[in-house]
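Here's the structure we're looking at; comments come further down.
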Amino acid sequence: MWEYVTERAGLVAFQSFQHVSLVVQCVLLGSLIAVALAVLVYRNPAATSAANGFSAVGLTIPSFALLGILLAPFGFGITPAVIAITFYAALPVLRNAVVGLAGVDRSLVESARGIGMSRVRTLLRVELPLAWPVILAGIRVATQMVMGIAAIAAYVLGPGLGGFIFSGLSRLGGANALNSTLTGTIAIVLLALVLDLLLVLAGRLTTPRGIRV
């Protein structure tokens, strides 16, 4: 297997970069969408319940099925992969963002309003910073989850390490089939660990010192 990897080091490195780039961009996009939705619904119990229900139901949709559905309007390539990965990335972040914002002590919010801070400024300066550790936990979960889903995106000819896995599975029993599958799988696991470590470090740098655990 080591010989297989060294012979294809350039291809492995390129597809690893594609995989990480796809995941990071989709997680960023999904997180922005999820936090925006959470800001809109967290003050309304009915809307909060609907958002949590949508998040739970969305996670039950098989990724293969969603990618297959997206093939009809968008065809093969990067577009269905980005839509599917962003969709799955947003779900854990949405749930955590709603929980984090709803869990902020109301007395702190009222105190901020009492000293003249506007609703928007209170959200940006008080509520979001206090909810950030919970939101970041959702981002970490989303990142780990979509690292695997991004591999399945190779089904629609999406970029990334899934190509190694599908190539190996399509010719099991043939030469280097197992090596190809293991290369893609192990590389995804290692990249997921690296990304999670970077998110932990980002959390240390971005979490206000007074609320660090």
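Here, A, B, ... name the chains of the structure tokens in the order displayed, residue numbers run from 1 inside each chain, and ligands are numbered from 1 in the same displayed order.
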
Within 12 Å of stretch 38-49 of chain A: each stretch 84-142 of chain A residue with its shortest pair, only C-alpha atoms, as a tab-separated table:
```
residue	atom	partner	partner_atom	distance
A:Ala90	CA	A:Ala38	CA	10.7
A:Leu91	CA	A:Ala38	CA	10.9
A:Pro92	CA	A:Ala38	CA	11.5
A:Val93	CA	A:Ala38	CA	9.0
A:Leu94	CA	A:Ala38	CA	6.1
A:Arg95	CA	A:Ala38	CA	8.0
A:Asn96	CA	A:Ala38	CA	8.8
A:Ala97	CA	A:Ala38	CA	5.8
A:Val98	CA	A:Ala38	CA	5.0
A:Val99	CA	A:Tyr42	CA	7.9
A:Gly100	CA	A:Tyr42	CA	9.2
A:Leu101	CA	A:Tyr42	CA	6.6
A:Ala102	CA	A:Tyr42	CA	5.8
A:Gly103	CA	A:Tyr42	CA	9.6
A:Val104	CA	A:Tyr42	CA	10.7
A:Arg106	CA	A:Arg43	CA	11.1
A:Arg119	CA	A:Val39	CA	11.6
A:Val120	CA	A:Val39	CA	10.4
A:Leu123	CA	A:Val39	CA	8.6
A:Leu124	CA	A:Val39	CA	10.5
A:Glu127	CA	A:Val39	CA	9.9
A:Leu128	CA	A:Val39	CA	9.2
A:Ala131	CA	A:Val39	CA	11.2
A:Ile135	CA	A:Ala38	CA	10.3
```

Query raised in the report: Which residues, written as an NGL selection string, have at least one atom at most 12 Å from A:Leu198, with only C-alpha atoms counted and residues fewer than 3 positions away on the same chain left out?
Result: :A and (24 or 136 or 139-140 or 143 or 191-195 or 201-205)

Atoms kept (C-alpha atoms) for selection, written as a PDB file, in the first residue's frame:
```pdb
ATOM      1  CA  VAL A  24     -14.376  23.908   4.438  1.00  0.00           C
ATOM      2  CA  LEU A 136     -18.683  25.946  17.437  1.00  0.00           C
ATOM      3  CA  ILE A 139     -19.581  23.291  13.465  1.00  0.00           C
ATOM      4  CA  ARG A 140     -17.165  20.596  14.677  1.00  0.00           C
ATOM      5  CA  THR A 143     -17.276  19.146   9.734  1.00  0.00           C
ATOM      6  CA  LEU A 191      -7.843  15.108   7.328  1.00  0.00           C
ATOM      7  CA  ALA A 192     -10.913  15.034   9.594  1.00  0.00           C
ATOM      8  CA  LEU A 193      -8.670  14.831  12.655  1.00  0.00           C
ATOM      9  CA  VAL A 194      -6.540  17.735  11.429  1.00  0.00           C
ATOM     10  CA  LEU A 195      -9.597  19.903  10.743  1.00  0.00           C
ATOM     11  CA  LEU A 201      -7.555  25.947  18.278  1.00  0.00           C
ATOM     12  CA  ALA A 202      -9.907  28.397  16.575  1.00  0.00           C
ATOM     13  CA  GLY A 203     -12.289  27.997  19.492  1.00  0.00           C
ATOM     14  CA  ARG A 204      -9.555  28.851  21.960  1.00  0.00           C
ATOM     15  CA  LEU A 205      -8.706  31.983  20.007  1.00  0.00           C
TER      16      LEU A 205
END
```

Query - atom CA of A:Met145 to atom CA of A:Val27, distance in Å rounded to a single decimal - result: 10.3 Å

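Put simply, atom CA of A:Leu28 is 24.0 Å away from atom CA of A:Ile186.
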
Query raised in the report: Running DSSP on the backbone, which parts of stretch 29-170 of chain A land in helix (DSSP H, G or I), as a ChimeraX atom specification?
Result: /A:29-41,45-58,63-74,78-102,106-114,119-156,162-170

**Report entry** Within 8 Å of A:Val82 using only C-alpha atoms, minus same-chain residues under 3 positions, as a PyMOL selection string
**Finding:** chain A and resi 22+26+78-79+85-86

Convert the current residue selection to file output with N, CA and C atoms, as a PDB file, in the first residue's frame.
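For reference, out29.pdb as written:
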```pdb
ATOM      1  N   LEU A  22     -13.470  21.656  -0.485  1.00  0.00           N
ATOM      2  CA  LEU A  22     -14.914  21.472  -0.643  1.00  0.00           C
ATOM      3  C   LEU A  22     -15.602  21.475   0.716  1.00  0.00           C
ATOM      4  N   CYS A  26     -18.094  24.500   2.137  1.00  0.00           N
ATOM      5  CA  CYS A  26     -19.497  24.133   2.377  1.00  0.00           C
ATOM      6  C   CYS A  26     -19.866  24.304   3.852  1.00  0.00           C
ATOM      7  N   ILE A  78     -19.811  19.568  -9.694  1.00  0.00           N
ATOM      8  CA  ILE A  78     -19.602  20.209  -8.409  1.00  0.00           C
ATOM      9  C   ILE A  78     -20.898  20.734  -7.791  1.00  0.00           C
ATOM     10  N   THR A  79     -21.868  21.144  -8.618  1.00  0.00           N
ATOM     11  CA  THR A  79     -23.068  21.807  -8.084  1.00  0.00           C
ATOM     12  C   THR A  79     -23.873  20.915  -7.146  1.00  0.00           C
ATOM     13  N   ILE A  85     -23.679  18.827   0.432  1.00  0.00           N
ATOM     14  CA  ILE A  85     -22.773  18.958   1.576  1.00  0.00           C
ATOM     15  C   ILE A  85     -23.142  20.168   2.425  1.00  0.00           C
ATOM     16  N   THR A  86     -23.486  21.263   1.777  1.00  0.00           N
ATOM     17  CA  THR A  86     -23.908  22.455   2.526  1.00  0.00           C
ATOM     18  C   THR A  86     -25.176  22.175   3.319  1.00  0.00           C
TER      19      THR A  86
END
```

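Between atom CA of A:Tyr155 and atom CA of A:Leu169 lies a distance of 11.9 Å.
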
Query - Who sits within 7 Å of stretch 162-165 of chain A, only C-alpha atoms, same chain under 6 positions skipped, as number ranges by chain - result: A: 151-154, 180-181, 183-185

Would you mind exporting the chosen residues as a PDB file, in the first residue's frame, restricted to C-alpha atoms?
```
ATOM      1  CA  ALA A 151     -16.520  11.217  -0.269  1.00  0.00           C
ATOM      2  CA  ILE A 152     -19.964  10.021  -1.369  1.00  0.00           C
ATOM      3  CA  ALA A 153     -20.171  13.101  -3.611  1.00  0.00           C
ATOM      4  CA  ALA A 154     -17.852  11.224  -5.976  1.00  0.00           C
ATOM      5  CA  SER A 180      -7.227   2.523  -3.592  1.00  0.00           C
ATOM      6  CA  THR A 181     -10.140   2.169  -1.169  1.00  0.00           C
ATOM      7  CA  THR A 183      -5.970   5.265   0.623  1.00  0.00           C
ATOM      8  CA  GLY A 184      -9.112   7.331   0.253  1.00  0.00           C
ATOM      9  CA  THR A 185     -10.575   6.190   3.563  1.00  0.00           C
TER      10      THR A 185
END
```
